[in-house]
Amino acid sequence: MMNDQAANSQQIEQLWYTWSERGLESSLAAGYRVRACSPALQSEGRLEQVRPYLRYQLPADANVTSLAVEEAPRTLALVKNGNECLLLHKVYAGRDGAGRPGNYFVHLLAGLEPTFGPDRAICFWRYQDALLWRTSDDPEHGVMLPPISREELELRLRKRWERAWRPEAVPRGPDFFQLSESERSAALEFLPLLLLAFFDQQERSDSLQAQREAEKTSSQIRGGGREALAGENQSEAGIPPICLVATPDQAAWLVWALARLLPPVLRPRLTFSTYEESGDLSSSRLIRRTFALVATCPALPQHAATFVSERFYRGSWAFNLFTGLHSSPREWPEVRDFVELACAAFRGGDLSFIEQLHRDLEGGASTIDGFLREYQRWRSNQGRLEPEHVVEIISRYPEDLSQLMVRRQILERLCDDQQGETLLDRVLPDLSRLARLRLEQRRLDHSLVLFENEVRRLWQRARLSAAARVRLLLTLASLGAGRELLKETVRALLDDPAVYPVLLARPDRCSKVLDCAASALTSSEAEYYRGEVGRLLQGYRNWETCRSLLSLNLPPAWREMRLRLLLSVLEKLLPSGGAPLPLRERDWQWLLLLLGQAQDAASRDVALRLVAVLLRDQAAPAFELLTRCCQLSPPPTENEMEELLDGSALLRELSDLERGRVAASYRRELLHTYSQQLRYHAPVYLQMRLPALEELCLRLFTLLCLTSTAAEREKLVTLFFAQASNSLRERLLLVWPATESRAVASLIRMGAQQGDLFFLRTRLGVFFYREAVASLPFDEKLRLLEAWLQHQPDPLDLHVLLTCSALTPEEGAWLLEHYGPIYLARPDYARCWELTHLTHLYLLSLTPERLRRPETRSLLRTLVAPKAALPDSLILLAWSWLQVAEALEQRQTRPELEKCLGYLRQALDDQYYAALLKEIANKLKLKHLKPEPKKPRGQGSALEELKPEGFPEQHARSRGLPWLGWRLPWLGRRGLRPRR
């Protein structure tokens, strides 16, 4: 975790280590210690991580008493430390503070990013700067060192990088290596052997890594981890480094040469140290685990022959540049080929070929075996590629498109007018597959981006034929290139007049170009090229060529031209003796989708004409086509719909069914299909309110009623009633068996819940309502009334509702007590005569027991309100009942009581009045109350004003439909009966 934070920090931490009397460990006496460091390195954990790398020893044969500081070997080491890199600089510092020779000074940089490789590290060799490197102690300096910013370090690196990596530096190397010609020649002679040794070493490392992962997996399966840990430590200790016996400058020069020749994917593996003491090379486990290449040297060149033993050459990859002795690394043909190619280019001073190899294989396999396989393919691709080889690369090895030579040869083949068309047809499916895979594979996407950039350069610089430009555009479109690149190529193509003959001769190519243009161009650009697209569509002369246009998602500016083209082609196929159109099932689906995209007026007219042609075909999906027509904007008129249906195969088939000209088995199949289609499409048809569609639905419904079950008929009629007009509903009820009163009641309930007034405003609806509701139980009838009354019907609708409900006195009383306060308090409901009549019956049937109920008293208060929707005579009667109720409740007489009883005497019959008088006398303790004689009716009865002209007597009320005729003069009012 600390390494991760260090690598992600924007600061480079530094540390000094030498002999000193003062330092970070203040408790120690004078000696070797951390002299100073940055704050981030002061924690105990961080110091323990870097402390093993702070050791330095002079060569064993060095005379420390006479050895000059500048003659001692210098160390520059690159170390991988977890998720960070360390860069160390070690130099001999002469005598320590006690006068003893052998002192040294280490300057360490920590927190470098994991990608910090040897190509950058070697640029700091012998760097002379006030910031890099410190070579001796400053007694006046404190124990704190400031961190170095990454920008500052990159600035210093850039200066050296330009000197180390310029083309002129090969093969001598940059000028900061202090080498004689003989030393440089010796190093150059050993360069091929070092490359071979590096590949051998890293291949063993890959094998041990794979073995360690396999052991770790197996140990996890067994439930233990010690075996995996032991295997890891063994494998780390089992791979020795490449050992050099050379001067530090020779070692640094070889690191620079290797960094220039190794591919970038393998370069970070080259960790190195330009000098370590010879005794540590075989005994130090830290060195074997840390470095891929390490160098040592004697203090005097004449000691080089005896400096290391013969066992040194057998135990590892060892190379003595002083004596010429060396180990024999394993040679593979593939590695030998790469080494010879790289070293020949290096000696020739031209690395452009090697650098192109590095760019071609950038981001490739990270293992030695993987790199060698890719290198072999790269070598084989440097020759001339035949078409079969091109197809193999695109289908099996698309990563090879990152290779410049492959890209150029593939494009050369595609631009060849003799072989390009055939080659493109073979690779188009594979190119489309790569467009999907590039979203998941980063390296493949990188290779395809390089290929697209090569196409752009070729398009801009080369003079290509029109056919070649078309092929390049289709190649880019199949690979899923960026929109800006596609737009650039599409516009250049459409602006070129020479392209049109090519596309007119190949409609399949033209369709792909149009598809590419539709996805790349904006709506305004599509409108600009409308004329050019119309010219291209002239090349489609039959349905086989038009089929490729169906699936294209063209912009709105081009859709009307496509519909016109399809219409003209299909119209030519009609006069062929009634033969079916050459349309497949998929073609019908695409046509339905295109008809749904017709939005503007011009497209709408063409779409209607196209549907008229398609409906004549027996295999046409007629119901879906009619639905698409209904969804046009604006929708078709009545005349247009009649023209669509006239002569359609659907009506012909329907006529055959009605006349019995269809076999029984086929008839059942057709009716089953019609039933399914009606359930889905009938709501759309009925919402249009077009007589032609209503007639079609009615004919289908009539056929289905004769063959379907009662439950199926009920579902259909329920579906129709939800959307049909009132005139069609009346016809449906006449077609449908009227004896199914249960289903009619279901329709009435649905209408009540939705507030649909069909059953209250049409003669036939009123008739069916009365017949169905009359037989309902009390509870169901009241629930139905509640559903109607929630929508607050107008007075005349309420009058019909109450009249046809045939309410008993008890039902009328319940209705008035619950909903009377809502409607009787509104003056406009005075026209609801049935409500008035129910109130009249209610007031005449009141009893002293009912007067005790709060609902009754609340209703009476509503009836005596100033704006009550009642005649004055009923208001007076309600007032009389209210006074009696309040007197009985308070058990005391009132001044108006006698007057109220007089009104009630005139309204009630003798039996009711006598019972009321007895109840009042008992409650109020009145003994003088006696029944008064009823006045003759001719002397101005208070209830004569109640009845309108023709109002029936209370006990002589007619219940049949003839009575409704003179009771409902509003049925003929204009605008209510038809539902349009």
# chains A, B, ... in the order shown; residues from 1 in each chain; ligands from 1

$ select_by_dssp --residues "range 234-323 of chain A" --states "strand (DSSP E or B)" --output "list in words"
Ile242, Cys243, Leu244, Val245, Phe272, Ser273, Leu293, Val294, Ala295, Thr296, Trp317, Ala318, Phe319 and Asn320 of chain A

$ residues_around --residues "Phe338 in chain A" --least-positions-apart "3" --cutoff "10 Å" --atoms "only C-alpha atoms" --output "VMD selection string"
chain A and resid 192 195 to 196 261 to 262 332 to 335 341 to 344 354 372 375 to 376 379

$ closest_residue --among "A:Leu650, A:Cys832, A:Ala885, A:Leu549" --to "Arg857 in chain A" --atoms "only C-alpha atoms"
A:Ala885

$ residues_around --residues "Tyr528 in chain A" --least-positions-apart "4" --cutoff "12 Å" --atoms "only C-alpha atoms" --output "list in words"
Arg491, Leu494, Asp495, Leu521, Thr522, Ser523, Ser524, Glu532, Val533, Gly534, Pro555, Ala557 and Trp558 of chain A

$ write_last_selection --atoms "all heavy atoms" --output "short mmCIF file (atom, residue, chain, number, x, y, z; two decimals), in the first residue's frame"
data_model
loop_
_atom_site.label_atom_id
_atom_site.label_comp_id
_atom_site.auth_asym_id
_atom_site.auth_seq_id
_atom_site.Cartn_x
_atom_site.Cartn_y
_atom_site.Cartn_z
N ARG A 491 -18.56 12.49 -47.34
CA ARG A 491 -18.76 13.76 -48.06
C ARG A 491 -17.85 13.83 -49.28
O ARG A 491 -18.26 14.32 -50.34
CB ARG A 491 -18.49 14.93 -47.11
CG ARG A 491 -19.48 14.99 -45.95
CD ARG A 491 -19.27 16.21 -45.08
NE ARG A 491 -19.51 17.43 -45.82
CZ ARG A 491 -19.48 18.65 -45.30
NH1 ARG A 491 -19.22 18.80 -44.01
NH2 ARG A 491 -19.72 19.70 -46.03
N LEU A 494 -19.53 11.54 -51.91
CA LEU A 494 -20.74 12.06 -52.54
C LEU A 494 -20.46 13.30 -53.39
O LEU A 494 -21.24 13.62 -54.29
CB LEU A 494 -21.78 12.40 -51.47
CG LEU A 494 -22.34 11.21 -50.69
CD1 LEU A 494 -23.34 11.68 -49.64
CD2 LEU A 494 -22.99 10.20 -51.62
N ASP A 495 -19.38 13.99 -53.11
CA ASP A 495 -19.01 15.17 -53.91
C ASP A 495 -18.27 14.79 -55.19
O ASP A 495 -18.00 15.67 -56.02
CB ASP A 495 -18.14 16.11 -53.08
CG ASP A 495 -18.94 16.78 -51.96
OD1 ASP A 495 -20.18 16.88 -52.10
OD2 ASP A 495 -18.32 17.17 -50.95
N LEU A 521 -23.74 11.47 -41.32
CA LEU A 521 -24.17 12.83 -41.64
C LEU A 521 -25.21 13.33 -40.66
O LEU A 521 -26.02 12.55 -40.14
CB LEU A 521 -24.73 12.88 -43.07
CG LEU A 521 -23.76 12.50 -44.20
CD1 LEU A 521 -24.48 12.58 -45.53
CD2 LEU A 521 -22.53 13.40 -44.19
N THR A 522 -25.22 14.63 -40.44
CA THR A 522 -26.27 15.25 -39.65
C THR A 522 -27.52 15.44 -40.50
O THR A 522 -27.50 15.21 -41.72
CB THR A 522 -25.79 16.59 -39.10
OG1 THR A 522 -25.51 17.48 -40.21
CG2 THR A 522 -24.52 16.42 -38.28
N SER A 523 -28.61 15.86 -39.87
CA SER A 523 -29.86 16.03 -40.60
C SER A 523 -29.75 17.11 -41.67
O SER A 523 -30.28 16.97 -42.78
CB SER A 523 -30.99 16.35 -39.62
OG SER A 523 -30.67 17.51 -38.87
N SER A 524 -29.05 18.20 -41.35
CA SER A 524 -28.88 19.26 -42.34
C SER A 524 -28.00 18.81 -43.50
O SER A 524 -28.27 19.13 -44.67
CB SER A 524 -28.28 20.51 -41.68
OG SER A 524 -27.02 20.20 -41.09
N GLU A 532 -28.33 14.00 -54.55
CA GLU A 532 -27.37 12.95 -54.89
C GLU A 532 -27.90 11.57 -54.51
O GLU A 532 -27.73 10.59 -55.25
CB GLU A 532 -26.04 13.22 -54.16
CG GLU A 532 -25.23 14.36 -54.73
CD GLU A 532 -25.75 15.72 -54.34
OE1 GLU A 532 -26.74 15.77 -53.56
OE2 GLU A 532 -25.20 16.74 -54.81
N VAL A 533 -28.60 11.50 -53.37
CA VAL A 533 -29.16 10.21 -52.95
C VAL A 533 -30.27 9.79 -53.91
O VAL A 533 -30.38 8.60 -54.27
CB VAL A 533 -29.67 10.31 -51.50
CG1 VAL A 533 -30.43 9.05 -51.11
CG2 VAL A 533 -28.51 10.55 -50.55
N GLY A 534 -31.11 10.75 -54.33
CA GLY A 534 -32.14 10.41 -55.32
C GLY A 534 -31.56 9.88 -56.61
O GLY A 534 -32.11 8.97 -57.24
N PRO A 555 -31.99 8.85 -42.85
CA PRO A 555 -32.51 10.08 -42.23
C PRO A 555 -33.87 10.44 -42.82
O PRO A 555 -34.23 10.00 -43.92
CB PRO A 555 -31.44 11.13 -42.55
CG PRO A 555 -30.62 10.57 -43.65
CD PRO A 555 -30.72 9.08 -43.58
N ALA A 557 -34.95 12.92 -44.37
CA ALA A 557 -34.92 13.59 -45.68
C ALA A 557 -34.89 12.59 -46.83
O ALA A 557 -35.24 12.94 -47.97
CB ALA A 557 -33.71 14.52 -45.76
N TRP A 558 -34.49 11.34 -46.57
CA TRP A 558 -34.35 10.35 -47.65
C TRP A 558 -35.45 9.29 -47.62
O TRP A 558 -35.55 8.49 -48.54
CB TRP A 558 -33.00 9.64 -47.54
CG TRP A 558 -31.82 10.57 -47.60
CD1 TRP A 558 -31.82 11.89 -47.92
CD2 TRP A 558 -30.45 10.24 -47.30
NE1 TRP A 558 -30.56 12.42 -47.85
CE2 TRP A 558 -29.68 11.42 -47.46
CE3 TRP A 558 -29.82 9.08 -46.92
CZ2 TRP A 558 -28.31 11.45 -47.26
CZ3 TRP A 558 -28.45 9.11 -46.71
CH2 TRP A 558 -27.70 10.29 -46.88
#

$ closest_residue --among "A:Pro298, A:Pro635, A:Pro821, A:Pro795" --to "Pro248 in chain A" --atoms "only C-alpha atoms"
A:Pro298

$ residues_around --residues "Ile239 in chain A" --least-positions-apart "4" --cutoff "8 Å" --atoms "only C-alpha atoms" --output "list in words"
Gln201, Arg204, Ser205, Ser235, Arg288 and Arg289 of chain A

$ write_last_selection --atoms "all heavy atoms" --output "mmCIF file, in the first residue's frame"
data_model
loop_
_atom_site.group_PDB
_atom_site.id
_atom_site.type_symbol
_atom_site.label_atom_id
_atom_site.label_comp_id
_atom_site.auth_asym_id
_atom_site.auth_seq_id
_atom_site.Cartn_x
_atom_site.Cartn_y
_atom_site.Cartn_z
ATOM 1 N N GLN A 201 17.157 -16.051 -20.265
ATOM 2 C CA GLN A 201 16.846 -15.786 -18.856
ATOM 3 C C GLN A 201 15.353 -15.511 -18.667
ATOM 4 O O GLN A 201 14.691 -16.065 -17.771
ATOM 5 C CB GLN A 201 17.673 -14.594 -18.365
ATOM 6 C CG GLN A 201 17.364 -14.169 -16.939
ATOM 7 C CD GLN A 201 17.902 -12.786 -16.652
ATOM 8 O OE1 GLN A 201 17.591 -11.835 -17.375
ATOM 9 N NE2 GLN A 201 18.724 -12.676 -15.618
ATOM 10 N N ARG A 204 13.055 -18.574 -19.011
ATOM 11 C CA ARG A 204 13.027 -19.376 -17.793
ATOM 12 C C ARG A 204 12.172 -18.699 -16.729
ATOM 13 O O ARG A 204 11.455 -19.372 -15.983
ATOM 14 C CB ARG A 204 14.450 -19.574 -17.275
ATOM 15 C CG ARG A 204 15.330 -20.431 -18.172
ATOM 16 C CD ARG A 204 16.635 -20.744 -17.480
ATOM 17 N NE ARG A 204 17.568 -21.417 -18.367
ATOM 18 C CZ ARG A 204 18.773 -21.837 -18.003
ATOM 19 N NH1 ARG A 204 19.183 -21.665 -16.747
ATOM 20 N NH2 ARG A 204 19.567 -22.451 -18.867
ATOM 21 N N SER A 205 12.240 -17.398 -16.663
ATOM 22 C CA SER A 205 11.424 -16.676 -15.697
ATOM 23 C C SER A 205 9.932 -16.866 -15.981
ATOM 24 O O SER A 205 9.133 -17.072 -15.051
ATOM 25 C CB SER A 205 11.780 -15.187 -15.730
ATOM 26 O OG SER A 205 10.942 -14.444 -14.867
ATOM 27 N N SER A 235 11.601 -20.224 -6.807
ATOM 28 C CA SER A 235 11.702 -19.757 -8.188
ATOM 29 C C SER A 235 12.402 -18.417 -8.259
ATOM 30 O O SER A 235 13.152 -18.154 -9.192
ATOM 31 C CB SER A 235 10.292 -19.653 -8.795
ATOM 32 O OG SER A 235 9.527 -18.712 -8.072
ATOM 33 N N ARG A 288 20.474 -11.695 -6.858
ATOM 34 C CA ARG A 288 19.878 -12.659 -7.774
ATOM 35 C C ARG A 288 18.383 -12.413 -7.947
ATOM 36 O O ARG A 288 17.816 -12.683 -9.006
ATOM 37 C CB ARG A 288 20.118 -14.081 -7.246
ATOM 38 C CG ARG A 288 21.595 -14.467 -7.170
ATOM 39 C CD ARG A 288 21.775 -15.790 -6.436
ATOM 40 N NE ARG A 288 21.183 -16.906 -7.168
ATOM 41 C CZ ARG A 288 21.810 -17.599 -8.097
ATOM 42 N NH1 ARG A 288 23.071 -17.299 -8.404
ATOM 43 N NH2 ARG A 288 21.225 -18.600 -8.704
ATOM 44 N N ARG A 289 17.747 -11.915 -6.905
ATOM 45 C CA ARG A 289 16.313 -11.683 -6.980
ATOM 46 C C ARG A 289 15.964 -10.314 -7.574
ATOM 47 O O ARG A 289 14.866 -10.118 -8.081
ATOM 48 C CB ARG A 289 15.705 -11.803 -5.579
ATOM 49 C CG ARG A 289 14.184 -11.802 -5.563
ATOM 50 C CD ARG A 289 13.614 -11.984 -4.157
ATOM 51 N NE ARG A 289 13.938 -10.860 -3.295
ATOM 52 C CZ ARG A 289 14.676 -10.928 -2.199
ATOM 53 N NH1 ARG A 289 15.214 -12.089 -1.846
ATOM 54 N NH2 ARG A 289 14.919 -9.857 -1.464
#

$ residues_around --residues "Leu908 in chain A" --least-positions-apart "4" --cutoff "10 Å" --atoms "only C-alpha atoms" --output "list in words"
Leu843, Leu844, Ser845, Leu846, Tyr903, Leu904, Tyr912, Tyr913, Ala914, Leu916 and Lys934 of chain A

$ write_last_selection --atoms "N, CA and C atoms" --output "PDB file, in the first residue's frame"
ATOM      1  N   LEU A 843     -91.058  11.179   0.994  1.00  0.00           N
ATOM      2  CA  LEU A 843     -91.723  12.011   1.985  1.00  0.00           C
ATOM      3  C   LEU A 843     -93.073  11.433   2.384  1.00  0.00           C
ATOM      4  N   LEU A 844     -93.751  10.754   1.457  1.00  0.00           N
ATOM      5  CA  LEU A 844     -95.050  10.171   1.779  1.00  0.00           C
ATOM      6  C   LEU A 844     -94.925   8.896   2.604  1.00  0.00           C
ATOM      7  N   SER A 845     -93.724   8.274   2.586  1.00  0.00           N
ATOM      8  CA  SER A 845     -93.557   7.011   3.307  1.00  0.00           C
ATOM      9  C   SER A 845     -92.764   7.146   4.591  1.00  0.00           C
ATOM     10  N   LEU A 846     -92.459   8.364   5.040  1.00  0.00           N
ATOM     11  CA  LEU A 846     -91.711   8.546   6.275  1.00  0.00           C
ATOM     12  C   LEU A 846     -92.519   8.095   7.474  1.00  0.00           C
ATOM     13  N   TYR A 903    -100.430  20.402   7.166  1.00  0.00           N
ATOM     14  CA  TYR A 903     -99.888  20.027   5.851  1.00  0.00           C
ATOM     15  C   TYR A 903     -99.769  18.509   5.707  1.00  0.00           C
ATOM     16  N   LEU A 904     -99.273  17.868   6.767  1.00  0.00           N
ATOM     17  CA  LEU A 904     -99.097  16.424   6.701  1.00  0.00           C
ATOM     18  C   LEU A 904    -100.444  15.708   6.596  1.00  0.00           C
ATOM     19  N   TYR A 912    -101.294   6.401   8.064  1.00  0.00           N
ATOM     20  CA  TYR A 912     -99.996   6.997   8.397  1.00  0.00           C
ATOM     21  C   TYR A 912    -100.164   8.203   9.317  1.00  0.00           C
ATOM     22  N   TYR A 913    -101.169   9.015   9.027  1.00  0.00           N
ATOM     23  CA  TYR A 913    -101.346  10.235   9.824  1.00  0.00           C
ATOM     24  C   TYR A 913    -101.746   9.895  11.250  1.00  0.00           C
ATOM     25  N   ALA A 914    -102.605   8.886  11.426  1.00  0.00           N
ATOM     26  CA  ALA A 914    -103.029   8.501  12.776  1.00  0.00           C
ATOM     27  C   ALA A 914    -101.852   7.984  13.580  1.00  0.00           C
ATOM     28  N   LEU A 916     -98.693   8.753  13.149  1.00  0.00           N
ATOM     29  CA  LEU A 916     -97.820   9.903  13.452  1.00  0.00           C
ATOM     30  C   LEU A 916     -98.384  10.707  14.602  1.00  0.00           C
ATOM     31  N   LYS A 934    -109.781  15.561   6.479  1.00  0.00           N
ATOM     32  CA  LYS A 934    -108.996  15.952   5.312  1.00  0.00           C
ATOM     33  C   LYS A 934    -109.847  16.818   4.404  1.00  0.00           C
TER      34      LYS A 934
END

$ atom_distance --atom1 "CA of Leu801 in chain A" --atom2 "CA of Phe758 in chain A"
11.4 Å

$ closest_residue --among "A:Gln723, A:Ser366, A:Thr290, A:Ser519" --to "Asp756 in chain A" --atoms "only C-alpha atoms"
A:Gln723

$ closest_residue --among "A:Val427, A:Leu651, A:Ala36, A:Cys516" --to "His141 in chain A" --atoms "only C-alpha atoms"
A:Ala36

$ closest_residue --among "A:Leu155, A:Ala466, A:Gly117, A:Ala187" --to "Arg260 in chain A" --atoms "only C-alpha atoms"
A:Gly117

$ closest_residue --among "A:Leu109, A:Val864, A:Ala692, A:Leu757" --to "Glu640 in chain A" --atoms "only C-alpha atoms"
A:Ala692

$ residues_around --residues "Asn553 in chain A" --least-positions-apart "3" --cutoff "12 Å" --atoms "only C-alpha atoms" --output "list of chain:residue names"
A:Ser511, A:Lys512, A:Leu514, A:Asp515, A:Cys516, A:Ala517, A:Ala518, A:Ser519, A:Ala520, A:Ser548, A:Leu549, A:Leu550, A:Pro556, A:Ala557, A:Trp558, A:Arg559, A:Arg562, A:Trp590, A:Leu593, A:Leu594, A:Gln597

$ write_last_selection --atoms "N, CA, C and O atoms" --output "PDB file, in the first residue's frame"
ATOM      1  N   SER A 511     -26.101   0.470 -51.251  1.00  0.00           N
ATOM      2  CA  SER A 511     -26.844   0.385 -49.987  1.00  0.00           C
ATOM      3  C   SER A 511     -25.908   0.525 -48.800  1.00  0.00           C
ATOM      4  O   SER A 511     -26.236   1.198 -47.812  1.00  0.00           O
ATOM      5  N   LYS A 512     -24.736  -0.079 -48.864  1.00  0.00           N
ATOM      6  CA  LYS A 512     -23.783   0.049 -47.755  1.00  0.00           C
ATOM      7  C   LYS A 512     -23.272   1.475 -47.634  1.00  0.00           C
ATOM      8  O   LYS A 512     -23.075   1.988 -46.522  1.00  0.00           O
ATOM      9  N   LEU A 514     -24.973   4.180 -48.481  1.00  0.00           N
ATOM     10  CA  LEU A 514     -26.072   4.958 -47.919  1.00  0.00           C
ATOM     11  C   LEU A 514     -26.216   4.712 -46.424  1.00  0.00           C
ATOM     12  O   LEU A 514     -26.512   5.642 -45.656  1.00  0.00           O
ATOM     13  N   ASP A 515     -26.017   3.484 -46.013  1.00  0.00           N
ATOM     14  CA  ASP A 515     -26.087   3.182 -44.581  1.00  0.00           C
ATOM     15  C   ASP A 515     -24.989   3.914 -43.830  1.00  0.00           C
ATOM     16  O   ASP A 515     -25.219   4.474 -42.748  1.00  0.00           O
ATOM     17  N   CYS A 516     -23.806   3.932 -44.384  1.00  0.00           N
ATOM     18  CA  CYS A 516     -22.698   4.656 -43.760  1.00  0.00           C
ATOM     19  C   CYS A 516     -22.982   6.156 -43.719  1.00  0.00           C
ATOM     20  O   CYS A 516     -22.733   6.822 -42.721  1.00  0.00           O
ATOM     21  N   ALA A 517     -23.503   6.691 -44.824  1.00  0.00           N
ATOM     22  CA  ALA A 517     -23.822   8.122 -44.865  1.00  0.00           C
ATOM     23  C   ALA A 517     -24.908   8.470 -43.868  1.00  0.00           C
ATOM     24  O   ALA A 517     -24.869   9.534 -43.224  1.00  0.00           O
ATOM     25  N   ALA A 518     -25.907   7.598 -43.706  1.00  0.00           N
ATOM     26  CA  ALA A 518     -26.994   7.873 -42.769  1.00  0.00           C
ATOM     27  C   ALA A 518     -26.499   7.954 -41.342  1.00  0.00           C
ATOM     28  O   ALA A 518     -27.017   8.745 -40.533  1.00  0.00           O
ATOM     29  N   SER A 519     -25.500   7.152 -40.984  1.00  0.00           N
ATOM     30  CA  SER A 519     -24.979   7.170 -39.621  1.00  0.00           C
ATOM     31  C   SER A 519     -23.971   8.289 -39.380  1.00  0.00           C
ATOM     32  O   SER A 519     -23.757   8.683 -38.232  1.00  0.00           O
ATOM     33  N   ALA A 520     -23.365   8.808 -40.428  1.00  0.00           N
ATOM     34  CA  ALA A 520     -22.308   9.806 -40.249  1.00  0.00           C
ATOM     35  C   ALA A 520     -22.794  11.240 -40.431  1.00  0.00           C
ATOM     36  O   ALA A 520     -22.299  12.148 -39.759  1.00  0.00           O
ATOM     37  N   SER A 548     -32.027  -4.764 -50.158  1.00  0.00           N
ATOM     38  CA  SER A 548     -30.933  -4.267 -49.313  1.00  0.00           C
ATOM     39  C   SER A 548     -31.224  -2.893 -48.731  1.00  0.00           C
ATOM     40  O   SER A 548     -30.534  -2.463 -47.805  1.00  0.00           O
ATOM     41  N   LEU A 549     -32.239  -2.196 -49.264  1.00  0.00           N
ATOM     42  CA  LEU A 549     -32.594  -0.873 -48.739  1.00  0.00           C
ATOM     43  C   LEU A 549     -33.524  -0.941 -47.537  1.00  0.00           C
ATOM     44  O   LEU A 549     -33.678   0.041 -46.804  1.00  0.00           O
ATOM     45  N   LEU A 550     -34.197  -2.070 -47.357  1.00  0.00           N
ATOM     46  CA  LEU A 550     -35.251  -2.137 -46.352  1.00  0.00           C
ATOM     47  C   LEU A 550     -34.721  -1.940 -44.941  1.00  0.00           C
ATOM     48  O   LEU A 550     -35.361  -1.284 -44.115  1.00  0.00           O
ATOM     49  N   PRO A 556     -34.667  11.245 -42.120  1.00  0.00           N
ATOM     50  CA  PRO A 556     -36.005  11.596 -42.612  1.00  0.00           C
ATOM     51  C   PRO A 556     -36.004  12.221 -44.005  1.00  0.00           C
ATOM     52  O   PRO A 556     -36.975  12.049 -44.750  1.00  0.00           O
ATOM     53  N   ALA A 557     -34.946  12.920 -44.370  1.00  0.00           N
ATOM     54  CA  ALA A 557     -34.922  13.588 -45.677  1.00  0.00           C
ATOM     55  C   ALA A 557     -34.887  12.590 -46.832  1.00  0.00           C
ATOM     56  O   ALA A 557     -35.235  12.942 -47.969  1.00  0.00           O
ATOM     57  N   TRP A 558     -34.486  11.345 -46.570  1.00  0.00           N
ATOM     58  CA  TRP A 558     -34.354  10.352 -47.647  1.00  0.00           C
ATOM     59  C   TRP A 558     -35.447   9.290 -47.619  1.00  0.00           C
ATOM     60  O   TRP A 558     -35.555   8.490 -48.538  1.00  0.00           O
ATOM     61  N   ARG A 559     -36.267   9.242 -46.572  1.00  0.00           N
ATOM     62  CA  ARG A 559     -37.221   8.149 -46.429  1.00  0.00           C
ATOM     63  C   ARG A 559     -38.331   8.200 -47.468  1.00  0.00           C
ATOM     64  O   ARG A 559     -38.773   7.162 -47.968  1.00  0.00           O
ATOM     65  N   ARG A 562     -37.168   6.684 -50.676  1.00  0.00           N
ATOM     66  CA  ARG A 562     -37.121   5.218 -50.608  1.00  0.00           C
ATOM     67  C   ARG A 562     -38.517   4.625 -50.765  1.00  0.00           C
ATOM     68  O   ARG A 562     -38.699   3.624 -51.465  1.00  0.00           O
ATOM     69  N   TRP A 590     -39.805  -5.497 -42.358  1.00  0.00           N
ATOM     70  CA  TRP A 590     -39.113  -4.236 -42.642  1.00  0.00           C
ATOM     71  C   TRP A 590     -40.069  -3.218 -43.250  1.00  0.00           C
ATOM     72  O   TRP A 590     -39.988  -2.015 -42.935  1.00  0.00           O
ATOM     73  N   LEU A 593     -42.055  -1.586 -40.612  1.00  0.00           N
ATOM     74  CA  LEU A 593     -41.232  -0.610 -39.883  1.00  0.00           C
ATOM     75  C   LEU A 593     -41.070   0.676 -40.687  1.00  0.00           C
ATOM     76  O   LEU A 593     -41.140   1.789 -40.128  1.00  0.00           O
ATOM     77  N   LEU A 594     -40.870   0.567 -41.988  1.00  0.00           N
ATOM     78  CA  LEU A 594     -40.715   1.766 -42.821  1.00  0.00           C
ATOM     79  C   LEU A 594     -42.003   2.572 -42.866  1.00  0.00           C
ATOM     80  O   LEU A 594     -41.973   3.809 -42.868  1.00  0.00           O
ATOM     81  N   GLN A 597     -42.352   4.846 -40.035  1.00  0.00           N
ATOM     82  CA  GLN A 597     -41.455   6.010 -40.018  1.00  0.00           C
ATOM     83  C   GLN A 597     -41.939   7.147 -40.909  1.00  0.00           C
ATOM     84  O   GLN A 597     -41.287   8.191 -40.960  1.00  0.00           O
TER      85      GLN A 597
END

$ select_by_dssp --residues "range 142-352 of chain A" --states "alpha helix (DSSP H)" --output "PyMOL selection string"
chain A and resi 150-164+181-222+226-237+248-261+278-283+285-290+304-307+311-315+333-348+352

$ closest_atom_pairs --of "range 126-233 of chain A" --to "range 11-17 of chain A" --cutoff "9 Å" --atoms "only C-alpha atoms" --output "JSON lines"
{"residue": "A:Arg134", "atom": "CA", "partner": "A:Trp16", "partner_atom": "CA", "distance": 8.2}
{"residue": "A:Asp137", "atom": "CA", "partner": "A:Trp16", "partner_atom": "CA", "distance": 8.4}
{"residue": "A:Leu145", "atom": "CA", "partner": "A:Gln14", "partner_atom": "CA", "distance": 6.8}
{"residue": "A:Pro146", "atom": "CA", "partner": "A:Glu13", "partner_atom": "CA", "distance": 7.6}
{"residue": "A:Pro147", "atom": "CA", "partner": "A:Glu13", "partner_atom": "CA", "distance": 4.7}
{"residue": "A:Ile148", "atom": "CA", "partner": "A:Ile12", "partner_atom": "CA", "distance": 4.9}
{"residue": "A:Ser149", "atom": "CA", "partner": "A:Gln11", "partner_atom": "CA", "distance": 4.6}
{"residue": "A:Arg150", "atom": "CA", "partner": "A:Gln11", "partner_atom": "CA", "distance": 5.8}
{"residue": "A:Glu151", "atom": "CA", "partner": "A:Gln11", "partner_atom": "CA", "distance": 8.9}
{"residue": "A:Leu153", "atom": "CA", "partner": "A:Ile12", "partner_atom": "CA", "distance": 8.3}
